[in-house]
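S.K.: Structure incoming, see below.
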Amino acid sequence: MTLGPVFGVSGRQAESERILMRNAMQSTISTAIEITGHGVHTAAPVTIKLRPADVNSGIRFLRTGLPGGRERLIEARHSQITPSDLCTILGDAESGSVSTIEHLMAALYALEIDNVLVEIDGPEAPIMDGSSAPFIEMIDRAGIRKQNGNRRYIKVLKRLRIAQGERFAELLPFSQGFRLTVEIKFDAEVIGHQKKTLDLSPSSFRRELAGARTFGFLRDVEKLRMAGFAHGASLDNTVAIGDDGILNPEGLRYPDEFVRHKMLDAVGDLSLAGLPILGHYRSYVGGHKLNVSMLTALFSDRSAYAIVEAGKPVARPVDAAAMAPALAVLSPELN
Ligand SMILES: [Zn+2]
């Protein structure tokens, strides 16, 4: 395995230095906490329990309740993703998987939580109200605890672009943090063309994205259910769009709730980079597959990113050996 460029924080990188210093230490939750619900696709009842976890352990899922009483530990990382259009899946059906994890992952990423063990006793995370808000509430109840370990970041060094027909996604250097620009276009009048940019922080996520719900078209429901999806979908967890507009009696939570939910999904998907990102992510008419493809493109080009560590003295290169654990965890993409 070649390590490629591993940089510390140079004197020229004052902007990224600020973000690195603002939140220099890793975090976990203070106490274990659980929540119960059902999957939006499988309708399977499920309990997830979040447990505090050690420094550098990352976000990991412990899938319990597999046939024969087996368990499987799955790291919430790009290398574990099974591609899907409708949700994000970690692991594989044969040896155990967890799906629709993106709304929980978005909440953990946005609240800058580095290390948690998520015990889950079913194949799919609970959909709750279709947004990240119930997971934010859950984490708030548990509390957040700083840990004795420096945060590490993936710093985007050059522009990467992928396209699938008219859809495209880009990752651009942006030292001040993680910026998202998401643009969507639907024929349905209630959605139309929506575009939004946000600099992600715990407060901006809570205010702007956390409550934005999953959405779907009534005309697709039967087709989805025939294919084994959306069995747990209802007006309690999905904004449903019919021929004459929104079917939910309460209406929308934000006038542009749709693009906000796409941004929430992108945060959850990109969190599978395994470390927080210093960069600007742009997507046009994107979705889970495009988000995941962007990570594949990033990790396929070792000159496109560096791993930087908070709290390191300015202008001193990070010791490559000290970075080995982080790189080893990401190794499938770093060869
Ligand atoms: Zn979603």
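Here, A, B, ... name the chains of the structure tokens in the order displayed, residue numbers run from 1 inside each chain, and ligands are numbered from 1 in the same displayed order.
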To check your reading of the model: which residues sit at most 9 Å from ligand 1 when counting only C-alpha atoms and all ligand atoms? Write the answer as a ChimeraX atom specification.
M.R.: /A:86-88,100-103,130-132,212-215,261-266,268,288
S.K.: Go ahead and save the residues from that selection, with C-alpha atoms, as an mmCIF file, in the first residue's frame.
M.R.:
```
data_model
loop_
_atom_site.group_PDB
_atom_site.id
_atom_site.type_symbol
_atom_site.label_atom_id
_atom_site.label_comp_id
_atom_site.auth_asym_id
_atom_site.auth_seq_id
_atom_site.Cartn_x
_atom_site.Cartn_y
_atom_site.Cartn_z
ATOM 1 C CA LEU A 86 -33.505 4.208 -2.875
ATOM 2 C CA CYS A 87 -31.444 4.196 0.295
ATOM 3 C CA THR A 88 -27.933 3.548 1.549
ATOM 4 C CA THR A 100 -31.578 3.291 5.234
ATOM 5 C CA ILE A 101 -28.900 4.454 7.638
ATOM 6 C CA GLU A 102 -28.447 7.860 5.987
ATOM 7 C CA HIS A 103 -30.725 9.924 8.236
ATOM 8 C CA GLY A 130 -38.711 10.514 7.755
ATOM 9 C CA SER A 131 -36.169 13.131 8.856
ATOM 10 C CA SER A 132 -33.076 13.335 11.073
ATOM 11 C CA ALA A 212 -36.707 17.811 6.210
ATOM 12 C CA ARG A 213 -38.546 14.565 5.460
ATOM 13 C CA THR A 214 -38.265 11.802 2.894
ATOM 14 C CA PHE A 215 -40.583 12.302 -0.054
ATOM 15 C CA HIS A 261 -33.982 16.456 2.385
ATOM 16 C CA LYS A 262 -31.668 15.760 -0.565
ATOM 17 C CA MET A 263 -28.984 17.746 1.292
ATOM 18 C CA LEU A 264 -29.639 15.749 4.471
ATOM 19 C CA ASP A 265 -29.238 12.537 2.460
ATOM 20 C CA ALA A 266 -25.988 13.833 0.946
ATOM 21 C CA GLY A 268 -25.478 11.011 5.514
ATOM 22 C CA HIS A 288 -27.715 8.144 -3.157
#
```
S.K.: List every residue of stretch 111-321 of chain A that DSSP, applied to the backbone, labels as helix (DSSP H, G or I), and write the result as a PyMOL selection string.
M.R.: chain A and resi 133-142+202-209+218-226+257-273+288-300+302-304
S.K.: Sorted by chain and rising residue number, list the residues of stretch 226-248 of chain A at most 12 Å from stretch 44-57 of chain A (counting only C-alpha atoms), each with its closest atom pair and distance in Å to one decimal, as CSV.
M.R.:
```
residue,atom,partner,partner_atom,distance
A:Phe229,CA,A:Ala44,CA,11.6
A:Ala230,CA,A:Ala44,CA,11.1
A:His231,CA,A:Ala44,CA,8.9
A:Gly232,CA,A:Ala44,CA,7.7
A:Ala233,CA,A:Ala44,CA,11.3
```
S.K.: Interatomic distance between atom CA of A:Arg63 and atom CA of A:Gln80?
M.R.: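 Taking atom CA of A:Arg63 and atom CA of A:Gln80, their separation equals 13.4 Å.
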S.K.: If we count only C-alpha atoms, what is near A:Pro276 at a cut-off of 7 Å, once residues fewer than 5 positions away on the same chain are taken out, given as number ranges by chain?
M.R.: A: 153-154, 271
S.K.: Show which residues sit within 8 Å of A:Leu218, as a list in words. Count only C-alpha atoms, and ignore same-chain residues fewer than 6 positions away.
M.R.: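 My reading of the contact set: Ala240, Ile241 and Gly242 of chain A.
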S.K.: For atom CA of A:Ile307 and atom CA of A:Phe168, quote the distance in Å rounded to one decimal.
M.R.: 25.1 Å
